[in-house]
$ cat final.cif   # mmCIF, C-alpha atoms
data_coords
loop_
_atom_site.label_atom_id
_atom_site.label_comp_id
_atom_site.auth_asym_id
_atom_site.auth_seq_id
_atom_site.Cartn_x
_atom_site.Cartn_y
_atom_site.Cartn_z
CA MET A 1 96.09 -7.39 14.43
CA THR A 2 97.97 -4.21 13.56
CA SER A 3 99.91 -2.77 16.47
CA LEU A 4 99.55 0.92 17.18
CA THR A 5 102.63 1.13 19.33
CA THR A 6 104.90 1.56 16.31
CA ASP A 7 102.54 3.99 14.57
CA SER A 8 103.38 7.69 14.68
CA GLU A 9 101.52 10.02 17.01
CA PHE A 10 98.58 10.38 14.62
CA GLY A 11 99.53 7.93 11.89
CA PRO A 12 96.95 6.28 9.58
CA ALA A 13 96.42 3.16 11.72
CA ARG A 14 96.01 5.13 14.94
CA LEU A 15 93.65 7.65 13.33
CA ALA A 16 91.56 4.86 11.80
CA ALA A 17 91.23 3.11 15.16
CA ILE A 18 90.27 6.30 17.02
CA ALA A 19 87.80 7.35 14.31
CA ALA A 20 86.14 3.91 14.23
CA ALA A 21 85.64 3.79 17.99
CA ILE A 22 84.35 7.38 18.19
CA ALA A 23 82.01 6.95 15.22
CA CYS A 24 80.66 3.69 16.63
CA VAL A 25 79.75 5.12 20.02
CA ALA A 26 78.44 8.39 18.50
CA VAL A 27 76.02 6.51 16.25
CA VAL A 28 74.84 4.51 19.23
CA GLY A 29 74.46 7.77 21.17
CA ILE A 30 72.05 9.00 18.49
CA GLY A 31 70.01 5.82 18.80
CA LEU A 32 69.99 6.08 22.59
CA SER A 33 68.91 9.73 22.66
CA LEU A 34 66.14 8.87 20.20
CA SER A 35 64.90 5.89 22.22
CA ILE A 36 64.69 7.51 25.69
CA PRO A 37 62.05 10.18 24.87
CA LEU A 38 60.32 7.85 22.39
CA LEU A 39 59.74 5.11 24.96
CA SER A 40 58.63 7.61 27.61
CA LEU A 41 56.01 9.05 25.24
CA GLU A 42 54.83 5.58 24.28
CA MET A 43 54.41 4.63 27.94
CA GLU A 44 52.37 7.78 28.50
CA ARG A 45 50.11 6.70 25.62
CA MET A 46 49.69 3.37 27.38
CA GLY A 47 48.18 5.33 30.28
CA LEU A 48 51.00 4.61 32.71
CA SER A 49 51.81 6.86 35.65
CA ASN A 50 54.96 8.95 35.80
CA THR A 51 56.18 6.67 38.58
CA TRP A 52 56.01 3.57 36.38
CA ILE A 53 57.62 5.45 33.49
CA GLY A 54 60.45 6.43 35.83
CA VAL A 55 60.84 2.90 37.18
CA ASN A 56 61.10 1.43 33.69
CA THR A 57 63.62 4.10 32.63
CA ALA A 58 65.69 3.43 35.76
CA ILE A 59 66.19 -0.17 34.60
CA ALA A 60 68.80 1.25 32.20
CA GLY A 61 71.02 2.25 35.11
CA VAL A 62 70.44 -1.05 36.90
CA ALA A 63 71.44 -3.01 33.78
CA SER A 64 74.68 -1.07 33.46
CA ILE A 65 75.57 -1.49 37.12
CA VAL A 66 74.92 -5.26 36.97
CA ILE A 67 76.50 -6.07 33.60
CA LEU A 68 79.43 -3.72 33.05
CA PRO A 69 81.86 -5.19 35.63
CA PHE A 70 81.87 -8.45 33.64
CA VAL A 71 82.50 -6.89 30.21
CA PRO A 72 86.34 -6.91 30.30
CA ARG A 73 86.42 -10.61 31.23
CA VAL A 74 83.97 -11.55 28.45
CA ALA A 75 85.83 -9.38 25.93
CA ALA A 76 89.12 -11.06 26.86
CA ARG A 77 87.57 -14.43 25.94
CA LEU A 78 85.53 -13.49 22.87
CA GLY A 79 87.55 -10.55 21.53
CA VAL A 80 86.69 -6.85 21.47
CA MET A 81 85.47 -6.72 17.87
CA PRO A 82 83.11 -9.76 18.05
CA LEU A 83 81.62 -8.46 21.30
CA LEU A 84 81.10 -4.98 19.82
CA LEU A 85 79.34 -6.39 16.76
CA GLY A 86 77.24 -8.70 18.93
CA ALA A 87 76.20 -5.84 21.21
CA ILE A 88 75.13 -3.76 18.19
CA ALA A 89 72.98 -6.62 16.90
CA VAL A 90 71.36 -7.18 20.32
CA ALA A 91 70.67 -3.45 20.82
CA ALA A 92 69.07 -3.11 17.36
CA LEU A 93 66.86 -6.17 17.86
CA ALA A 94 65.81 -5.05 21.34
CA LEU A 95 64.85 -1.60 20.05
CA VAL A 96 62.63 -3.11 17.35
CA GLY A 97 61.29 -5.47 20.01
CA PHE A 98 59.75 -2.56 21.94
CA ARG A 99 57.40 -1.99 19.00
CA ALA A 100 56.91 -5.65 18.12
CA VAL A 101 56.01 -6.60 21.71
CA TYR A 102 53.83 -3.64 22.69
CA ASP A 103 53.31 -4.86 26.24
CA PHE A 104 54.58 -2.90 29.24
CA ALA A 105 55.44 -6.03 31.26
CA TRP A 106 57.83 -7.17 28.52
CA TRP A 107 59.41 -3.74 28.32
CA PHE A 108 61.29 -4.38 31.58
CA PRO A 109 63.43 -7.27 30.26
CA LEU A 110 63.70 -5.51 26.89
CA ARG A 111 64.95 -2.31 28.56
CA PHE A 112 67.45 -4.35 30.58
CA VAL A 113 68.81 -6.14 27.49
CA PHE A 114 68.85 -2.97 25.37
CA SER A 115 70.65 -0.95 28.04
CA ALA A 116 73.13 -3.74 28.80
CA ALA A 117 74.05 -3.96 25.10
CA LEU A 118 74.59 -0.21 24.89
CA GLY A 119 76.68 -0.36 28.07
CA VAL A 120 78.93 -2.97 26.46
CA LEU A 121 79.38 -0.67 23.46
CA PHE A 122 80.33 2.29 25.63
CA VAL A 123 82.81 0.35 27.78
CA LEU A 124 84.63 -1.23 24.86
CA SER A 125 84.56 1.89 22.68
CA GLU A 126 85.96 4.07 25.45
CA PHE A 127 88.59 1.45 26.22
CA TRP A 128 89.55 1.34 22.53
CA ILE A 129 89.75 5.15 22.29
CA ASN A 130 91.85 5.36 25.45
CA GLN A 131 94.15 2.57 24.26
CA ALA A 132 94.59 4.05 20.78
CA ALA A 133 95.09 7.67 21.85
CA PRO A 134 98.70 8.89 21.88
CA PRO A 135 99.65 9.49 25.54
CA ALA A 136 100.66 13.10 24.84
CA ARG A 137 97.34 13.80 23.06
CA ARG A 138 94.94 11.72 25.15
CA GLY A 139 93.11 14.79 26.50
CA LEU A 140 92.55 16.13 22.98
CA VAL A 141 91.25 12.77 21.75
CA MET A 142 88.88 12.47 24.71
CA GLY A 143 87.70 16.02 24.10
CA VAL A 144 86.89 15.19 20.47
CA TYR A 145 85.14 12.00 21.59
CA ALA A 146 83.00 13.84 24.17
CA THR A 147 82.13 16.58 21.66
CA VAL A 148 81.03 14.10 18.98
CA LEU A 149 79.05 12.10 21.54
CA ALA A 150 77.30 15.24 22.83
CA LEU A 151 76.38 16.18 19.26
CA GLY A 152 75.07 12.66 18.71
CA PHE A 153 72.85 12.96 21.77
CA ALA A 154 71.48 16.24 20.40
CA ILE A 155 70.54 14.65 17.06
CA GLY A 156 68.27 11.87 18.40
CA PRO A 157 65.41 14.07 19.70
CA GLY A 158 65.61 16.14 16.52
CA LEU A 159 64.97 13.03 14.44
CA LEU A 160 61.78 12.37 16.41
CA ARG A 161 60.46 15.73 15.28
CA ILE A 162 60.92 14.58 11.68
CA LEU A 163 59.82 10.94 12.04
CA GLY A 164 57.14 11.37 14.68
CA THR A 165 56.76 9.29 17.83
CA SER A 166 54.21 6.70 16.75
CA GLY A 167 54.27 3.71 14.42
CA TRP A 168 57.28 1.71 13.25
CA ALA A 169 59.31 4.54 11.69
CA PRO A 170 61.21 5.81 14.78
CA TYR A 171 62.01 2.26 15.94
CA LEU A 172 63.30 1.14 12.56
CA ALA A 173 65.27 4.36 12.14
CA GLY A 174 66.80 3.96 15.59
CA ALA A 175 67.73 0.35 14.89
CA ALA A 176 69.25 1.34 11.53
CA LEU A 177 71.34 4.03 13.22
CA VAL A 178 72.60 1.56 15.82
CA CYS A 179 73.47 -0.92 13.05
CA ALA A 180 75.31 1.86 11.20
CA GLY A 181 77.87 1.56 13.97
CA THR A 182 79.11 -1.62 12.27
CA LEU A 183 80.37 0.35 9.27
CA PRO A 184 83.25 2.17 11.01
CA LEU A 185 84.09 -1.05 12.85
CA MET A 186 84.40 -2.96 9.58
CA MET A 187 86.66 -0.24 8.20
CA ALA A 188 88.99 -0.72 11.18
CA ARG A 189 89.20 -4.52 11.02
CA GLY A 190 92.42 -5.72 12.59
CA LEU A 191 92.92 -2.54 14.61
CA SER A 192 90.77 -3.37 17.64
CA PRO A 193 92.74 -3.91 20.85
CA GLU A 194 93.11 -7.18 22.68
CA ILE A 195 92.33 -7.49 26.38
CA PRO A 196 94.71 -9.80 28.29
CA HIS A 197 93.10 -12.48 30.46
CA LYS A 198 95.00 -11.26 33.51
CA GLY A 199 95.97 -7.89 34.91
CA GLY A 200 92.63 -6.42 35.97
CA ARG A 201 91.43 -5.42 39.44
CA GLY A 202 88.19 -5.61 41.36
CA PHE A 203 85.77 -2.68 41.29
CA LEU A 204 86.86 -1.37 44.69
CA GLY A 205 90.48 -1.72 43.64
CA TYR A 206 90.05 0.91 40.92
CA LEU A 207 88.16 3.16 43.31
CA ARG A 208 91.00 2.91 45.84
CA VAL A 209 93.89 3.32 43.37
CA ALA A 210 92.40 6.11 41.21
CA PRO A 211 89.62 7.88 43.17
CA SER A 212 90.16 11.21 41.37
CA ALA A 213 89.44 9.62 37.98
CA THR A 214 86.70 7.17 38.94
CA LEU A 215 84.72 9.48 41.24
CA ALA A 216 84.70 12.10 38.47
CA ALA A 217 82.23 9.81 36.70
CA LEU A 218 80.02 9.47 39.80
CA VAL A 219 79.86 13.24 40.37
CA TYR A 220 79.30 14.01 36.69
CA GLY A 221 76.52 11.40 36.44
CA ALA A 222 74.76 12.91 39.47
CA VAL A 223 75.24 16.49 38.26
CA GLU A 224 74.24 15.74 34.66
CA THR A 225 70.97 13.95 35.40
CA GLY A 226 70.09 15.76 38.60
CA GLY A 227 71.03 19.16 37.25
CA PHE A 228 69.52 18.82 33.79
CA ALA A 229 66.34 17.09 35.01
CA ILE A 230 65.55 19.67 37.70
CA LEU A 231 66.92 22.75 35.89
CA PRO A 232 63.66 23.52 34.00
CA ILE A 233 61.75 23.37 37.31
CA TYR A 234 64.33 25.70 38.86
CA GLY A 235 63.74 28.11 35.97
CA LEU A 236 59.98 28.02 36.58
CA ARG A 237 60.52 28.72 40.29
CA LEU A 238 62.58 31.77 39.31
CA GLY A 239 59.61 33.09 37.35
CA LEU A 240 60.66 32.15 33.81
CA THR A 241 58.16 30.94 31.22
CA ALA A 242 58.07 27.23 30.38
CA GLU A 243 59.88 27.90 27.09
CA GLN A 244 62.60 29.95 28.79
CA ALA A 245 63.01 27.32 31.52
CA ALA A 246 63.40 24.53 28.95
CA GLY A 247 65.92 26.66 27.06
CA LEU A 248 68.20 26.71 30.12
CA VAL A 249 69.03 23.05 29.48
CA SER A 250 70.12 23.86 25.93
CA VAL A 251 72.38 26.66 27.19
CA ALA A 252 74.13 24.35 29.67
CA ALA A 253 74.39 21.59 27.04
CA LEU A 254 75.97 24.02 24.55
CA GLY A 255 78.63 24.90 27.09
CA ASN A 256 79.24 21.18 27.57
CA VAL A 257 79.88 20.74 23.84
CA LEU A 258 82.16 23.76 23.39
CA PHE A 259 84.39 23.27 26.45
CA GLN A 260 85.45 19.67 25.79
CA ILE A 261 88.25 20.13 23.27
CA PRO A 262 89.89 23.23 24.85
CA VAL A 263 89.95 21.61 28.29
CA GLY A 264 91.17 18.34 26.74
CA LEU A 265 94.10 20.25 25.20
CA LEU A 266 94.81 21.82 28.59
CA ALA A 267 94.82 18.37 30.22
CA ASP A 268 97.56 17.30 27.78
CA ARG A 269 99.80 20.13 28.97
CA ILE A 270 99.43 19.96 32.76
CA ASP A 271 98.75 17.33 35.41
CA LYS A 272 95.23 15.97 34.81
CA ARG A 273 94.56 15.97 38.55
CA ARG A 274 95.11 19.73 38.58
CA VAL A 275 92.55 20.09 35.78
CA LEU A 276 90.08 17.95 37.74
CA LEU A 277 90.75 20.03 40.87
CA ALA A 278 90.12 23.26 38.94
CA ALA A 279 86.95 21.80 37.37
CA ALA A 280 85.64 20.82 40.82
CA PHE A 281 86.37 24.28 42.25
CA LEU A 282 84.86 26.15 39.29
CA GLY A 283 81.91 23.75 39.19
CA ALA A 284 81.15 24.49 42.85
CA LEU A 285 81.62 28.23 42.27
CA GLY A 286 79.42 28.23 39.18
CA ALA A 287 76.60 26.31 40.88
CA ALA A 288 76.76 28.60 43.93
CA ALA A 289 76.57 31.62 41.57
CA LEU A 290 73.29 30.52 39.93
CA PRO A 291 71.11 32.48 42.42
CA LEU A 292 72.82 35.67 41.17
CA GLY A 293 70.89 35.24 37.91
CA GLU A 294 67.49 35.14 39.63
CA ALA A 295 66.51 38.63 38.45
CA ASP A 296 68.42 38.61 35.15
CA PRO A 297 67.81 35.70 32.71
CA ARG A 298 70.77 36.77 30.58
CA LEU A 299 73.17 36.59 33.51
CA LEU A 300 71.67 33.22 34.46
CA ALA A 301 72.30 31.97 30.90
CA VAL A 302 75.94 33.11 31.00
CA ILE A 303 76.53 31.36 34.33
CA LEU A 304 74.84 28.18 33.09
CA PHE A 305 76.86 28.17 29.87
CA ALA A 306 80.14 28.34 31.78
CA TRP A 307 78.99 25.96 34.50
CA GLY A 308 77.67 23.38 32.00
CA GLY A 309 80.98 23.49 30.13
CA ILE A 310 83.08 23.04 33.28
CA ALA A 311 80.85 20.24 34.64
CA GLY A 312 81.10 18.25 31.42
CA THR A 313 84.88 18.21 31.51
CA LEU A 314 84.86 16.01 34.64
CA TYR A 315 83.91 13.04 32.46
CA THR A 316 86.39 13.84 29.70
CA VAL A 317 89.42 14.51 31.89
CA GLY A 318 88.54 11.69 34.29
CA LEU A 319 88.51 9.26 31.36
CA ALA A 320 91.82 10.62 30.07
CA HIS A 321 93.30 10.27 33.56
CA LEU A 322 92.31 6.59 33.56
CA GLY A 323 94.14 6.11 30.27
CA ALA A 324 97.26 7.65 31.79
CA ARG A 325 97.08 5.39 34.86
CA PHE A 326 96.16 1.98 33.40
CA ASP A 327 96.81 -0.20 30.36
CA GLY A 328 95.56 -3.49 28.90
CA ALA A 329 93.18 -5.51 31.07
CA ALA A 330 93.52 -2.97 33.88
CA LEU A 331 92.36 -0.16 31.57
CA ALA A 332 89.36 -2.19 30.37
CA GLY A 333 88.40 -2.88 33.98
CA ALA A 334 88.92 0.77 34.92
CA ASN A 335 86.64 1.86 32.06
CA ALA A 336 83.96 -0.55 33.29
CA ALA A 337 84.27 0.77 36.86
CA PHE A 338 84.12 4.34 35.51
CA LEU A 339 80.83 3.68 33.72
CA VAL A 340 79.37 1.78 36.67
CA LEU A 341 80.03 4.81 38.89
CA TYR A 342 78.59 7.11 36.22
CA ASN A 343 75.39 5.06 36.22
CA ILE A 344 75.23 5.10 40.01
CA GLY A 345 75.43 8.89 39.70
CA LEU A 346 72.54 8.80 37.20
CA VAL A 347 70.40 6.99 39.77
CA LEU A 348 71.39 9.17 42.75
CA GLY A 349 71.44 12.60 41.09
CA PRO A 350 67.73 13.43 40.52
CA PRO A 351 66.50 12.55 44.04
CA LEU A 352 69.47 14.35 45.64
CA VAL A 353 69.11 17.56 43.63
CA GLY A 354 65.30 17.47 43.67
CA GLY A 355 65.29 16.83 47.40
CA GLY A 356 67.69 19.73 47.94
CA MET A 357 65.34 22.08 46.11
CA ASP A 358 62.39 20.82 48.16
CA LEU A 359 64.29 21.56 51.38
CA ALA A 360 65.21 25.12 50.36
CA SER A 361 63.22 26.22 47.34
CA PRO A 362 64.33 27.38 44.86
CA HIS A 363 68.05 27.82 45.51
CA GLY A 364 68.51 24.48 47.24
CA PHE A 365 68.92 23.27 43.65
CA ALA A 366 72.08 25.35 43.20
CA TRP A 367 73.42 24.66 46.68
CA THR A 368 73.06 20.89 46.31
CA LEU A 369 74.96 20.94 43.03
CA ALA A 370 77.67 23.05 44.66
CA LEU A 371 77.97 20.58 47.55
CA LEU A 372 78.47 17.68 45.13
CA PHE A 373 81.40 19.53 43.56
CA VAL A 374 82.78 20.48 46.99
CA ALA A 375 82.74 16.82 48.07
CA TYR A 376 84.66 15.85 44.93
CA LEU A 377 87.03 18.79 45.43
CA ALA A 378 87.87 17.42 48.87
CA VAL A 379 88.68 13.99 47.40
CA VAL A 380 90.96 15.31 44.65
CA GLY A 381 92.61 17.89 46.89
CA GLY A 382 93.24 15.33 49.63
CA ARG A 383 94.66 12.90 47.10
CA MET A 384 97.07 15.50 45.74
CA ILE A 385 98.18 16.54 49.23
CA ARG A 386 98.96 12.93 50.17
CA ALA A 387 100.88 12.42 46.90
CA ALA A 388 102.98 15.55 47.40
CA PRO A 389 106.64 14.92 48.42
#

$ encode --input "final.cif" --output "structure tokens"
Amino acid sequence: MTSLTTDSEFGPARLAAIAAAIACVAVVGIGLSLSIPLLSLEMERMGLSNTWIGVNTAIAGVASIVILPFVPRVAARLGVMPLLLGAIAVAALALVGFRAVYDFAWWFPLRFVFSAALGVLFVLSEFWINQAAPPARRGLVMGVYATVLALGFAIGPGLLRILGTSGWAPYLAGAALVCAGTLPLMMARGLSPEIPHKGGRGFLGYLRVAPSATLAALVYGAVETGGFAILPIYGLRLGLTAEQAAGLVSVAALGNVLFQIPVGLLADRIDKRRVLLAAAFLGALGAAALPLGEADPRLLAVILFAWGGIAGTLYTVGLAHLGARFDGAALAGANAAFLVLYNIGLVLGPPLVGGGMDLASPHGFAWTLALLFVAYLAVVGGRMIRAAP
């Protein structure tokens, strides 16, 4: 295996490794964003209730929470590259399986297997990116990664508009896109990192040692799913049309895409904890400011654009902060813990934010989001105060 430690800051080997890992996870992101709405629509055609559709979709988070803590140990035994290729194969087969076994009862184990395979891909790809990124440019690399991944997630639903949502075509296309992730991996043969058998920590160990980094994933997961899922309803409660309310999600998502690289560059120049602290403060401020746009949709869009961009940087900078704190087996374990907490946030976010809006409609939506950022702000601020000389 080629070592990257002797390569220049962005030499050919390092660039090839970073590009392979980013391309792999971006292709999988396209397949994932295609499969989520596709399966939901198929379940509706089966005549299932929204509750059952939600329960089946939630299996994705359960699979990640159960499986991801074991990924570093398995990768240390089998190797990162073999496990990545195996996960791609399993994910592609499981996606085709949804169409081949058109039975809702079987979709629970299929969803578990499919989501677990994608979770393996995300853990190992993010570990690889973090390991390959030059320390002085880790924020930039993570910003590029997050931008490409966000673009990948935007492509999946667009493909459904071209392919339709019935028949074999979307399943085969999704499986082909997932399998396309093998191409960049094959081009970077010999550059994948090795995970030592020893040196990792338990899940709670990472949470205790690096709460600012790991809890960034939890808060972002809750804000992303809770905020984006309830945002169209918030728009309707403010008196917007259904089309305008749906467009609010696109505005926030666009901010998420455009803020990643600039904030990543900033995180390379100053203490990453300071960037996380600023993101938490501005995230709370932006969420609390949403009611100001109640009577002016254009002002609401401006606030959402800035807020969506700031919120998205929690994930990027938190991941970069992990890379600065850990290495080897410890970094692989930290990445797994990061994604487990992100998935816990995915599960907790919608009921928290939706419940907040039910308690104080409509602006309980904004206030709940603000409180999530305030809670994280207290963690990061307290951590920095204790670390100060």

$ resolve_selection --input "final.cif" --expression "the PyMOL selection byres ((chain A and resi 225-227) around 9)" --output "PyMOL selection string"
chain A and resi 220-224+228-231+249+345-354+365-366+369

$ write_last_selection --input "final.cif" --atoms "C-alpha atoms" --output "CSV table (one decimal), keeping the file's coordinate frame"
chain,number,residue,atom,x,y,z
A,220,TYR,CA,79.3,14.0,36.7
A,221,GLY,CA,76.5,11.4,36.4
A,222,ALA,CA,74.8,12.9,39.5
A,223,VAL,CA,75.2,16.5,38.3
A,224,GLU,CA,74.2,15.7,34.7
A,228,PHE,CA,69.5,18.8,33.8
A,229,ALA,CA,66.3,17.1,35.0
A,230,ILE,CA,65.6,19.7,37.7
A,231,LEU,CA,66.9,22.8,35.9
A,249,VAL,CA,69.0,23.0,29.5
A,345,GLY,CA,75.4,8.9,39.7
A,346,LEU,CA,72.5,8.8,37.2
A,347,VAL,CA,70.4,7.0,39.8
A,348,LEU,CA,71.4,9.2,42.8
A,349,GLY,CA,71.4,12.6,41.1
A,350,PRO,CA,67.7,13.4,40.5
A,351,PRO,CA,66.5,12.6,44.0
A,352,LEU,CA,69.5,14.4,45.6
A,353,VAL,CA,69.1,17.6,43.6
A,354,GLY,CA,65.3,17.5,43.7
A,365,PHE,CA,68.9,23.3,43.6
A,366,ALA,CA,72.1,25.4,43.2
A,369,LEU,CA,75.0,20.9,43.0

$ residues_around --input "final.cif" --residues "Ala175 (chain A)" --least-positions-apart "2" --cutoff "12 Å" --atoms "only C-alpha atoms" --output "PyMOL selection string"
chain A and resi 27-32+34-35+88-99+114+168-173+177-182

$ write_last_selection --input "final.cif" --atoms "C-alpha atoms" --output "PDB file, in the coordinates of the input"
ATOM      1  CA  VAL A  27      76.020   6.510  16.250  1.00  0.00           C
ATOM      2  CA  VAL A  28      74.840   4.510  19.230  1.00  0.00           C
ATOM      3  CA  GLY A  29      74.460   7.770  21.170  1.00  0.00           C
ATOM      4  CA  ILE A  30      72.050   9.000  18.490  1.00  0.00           C
ATOM      5  CA  GLY A  31      70.010   5.820  18.800  1.00  0.00           C
ATOM      6  CA  LEU A  32      69.990   6.080  22.590  1.00  0.00           C
ATOM      7  CA  LEU A  34      66.140   8.870  20.200  1.00  0.00           C
ATOM      8  CA  SER A  35      64.900   5.890  22.220  1.00  0.00           C
ATOM      9  CA  ILE A  88      75.130  -3.760  18.190  1.00  0.00           C
ATOM     10  CA  ALA A  89      72.980  -6.620  16.900  1.00  0.00           C
ATOM     11  CA  VAL A  90      71.360  -7.180  20.320  1.00  0.00           C
ATOM     12  CA  ALA A  91      70.670  -3.450  20.820  1.00  0.00           C
ATOM     13  CA  ALA A  92      69.070  -3.110  17.360  1.00  0.00           C
ATOM     14  CA  LEU A  93      66.860  -6.170  17.860  1.00  0.00           C
ATOM     15  CA  ALA A  94      65.810  -5.050  21.340  1.00  0.00           C
ATOM     16  CA  LEU A  95      64.850  -1.600  20.050  1.00  0.00           C
ATOM     17  CA  VAL A  96      62.630  -3.110  17.350  1.00  0.00           C
ATOM     18  CA  GLY A  97      61.290  -5.470  20.010  1.00  0.00           C
ATOM     19  CA  PHE A  98      59.750  -2.560  21.940  1.00  0.00           C
ATOM     20  CA  ARG A  99      57.400  -1.990  19.000  1.00  0.00           C
ATOM     21  CA  PHE A 114      68.850  -2.970  25.370  1.00  0.00           C
ATOM     22  CA  TRP A 168      57.280   1.710  13.250  1.00  0.00           C
ATOM     23  CA  ALA A 169      59.310   4.540  11.690  1.00  0.00           C
ATOM     24  CA  PRO A 170      61.210   5.810  14.780  1.00  0.00           C
ATOM     25  CA  TYR A 171      62.010   2.260  15.940  1.00  0.00           C
ATOM     26  CA  LEU A 172      63.300   1.140  12.560  1.00  0.00           C
ATOM     27  CA  ALA A 173      65.270   4.360  12.140  1.00  0.00           C
ATOM     28  CA  LEU A 177      71.340   4.030  13.220  1.00  0.00           C
ATOM     29  CA  VAL A 178      72.600   1.560  15.820  1.00  0.00           C
ATOM     30  CA  CYS A 179      73.470  -0.920  13.050  1.00  0.00           C
ATOM     31  CA  ALA A 180      75.310   1.860  11.200  1.00  0.00           C
ATOM     32  CA  GLY A 181      77.870   1.560  13.970  1.00  0.00           C
ATOM     33  CA  THR A 182      79.110  -1.620  12.270  1.00  0.00           C
TER      34      THR A 182
END

$ residues_around --input "final.cif" --residues "Leu304 (chain A)" --least-positions-apart "4" --cutoff "8 Å" --atoms "only C-alpha atoms" --output "list in words"
Leu248, Val251, Ala252, Gly255, Gly286, Leu290, Leu300 and Gly308 of chain A

$ resolve_selection --input "final.cif" --expression "the PyMOL selection byres ((chain A and resi 328-339) around 9)" --output "ChimeraX atom specification"
/A:64-65,68-73,76,119-120,122-124,126-128,130-131,193-204,206-207,210,213-218,318-319,322-323,325-327,340-344

$ residues_around --input "final.cif" --residues "Trp307 (chain A)" --least-positions-apart "5" --cutoff "10 Å" --atoms "only C-alpha atoms" --output "MDAnalysis selection string"
chainID A and resid 251:253 255:256 279 282:287 289:290 301:302 312

$ atom_distance --input "final.cif" --atom1 "CA of Val380 (chain A)" --atom2 "CA of Ala63 (chain A)"
28.9 Å

$ resolve_selection --input "final.cif" --expression "the PyMOL selection byres ((chain A and resi 154-162) around 6)" --output "mmCIF file with C-alpha atoms, in the coordinates of the input"
data_model
loop_
_atom_site.group_PDB
_atom_site.id
_atom_site.type_symbol
_atom_site.label_atom_id
_atom_site.label_comp_id
_atom_site.auth_asym_id
_atom_site.auth_seq_id
_atom_site.Cartn_x
_atom_site.Cartn_y
_atom_site.Cartn_z
ATOM 1 C CA ILE A 30 72.050 9.000 18.490
ATOM 2 C CA SER A 33 68.910 9.730 22.660
ATOM 3 C CA LEU A 34 66.140 8.870 20.200
ATOM 4 C CA LEU A 151 76.380 16.180 19.260
ATOM 5 C CA GLY A 152 75.070 12.660 18.710
ATOM 6 C CA PHE A 153 72.850 12.960 21.770
ATOM 7 C CA LEU A 163 59.820 10.940 12.040
ATOM 8 C CA GLY A 164 57.140 11.370 14.680
#
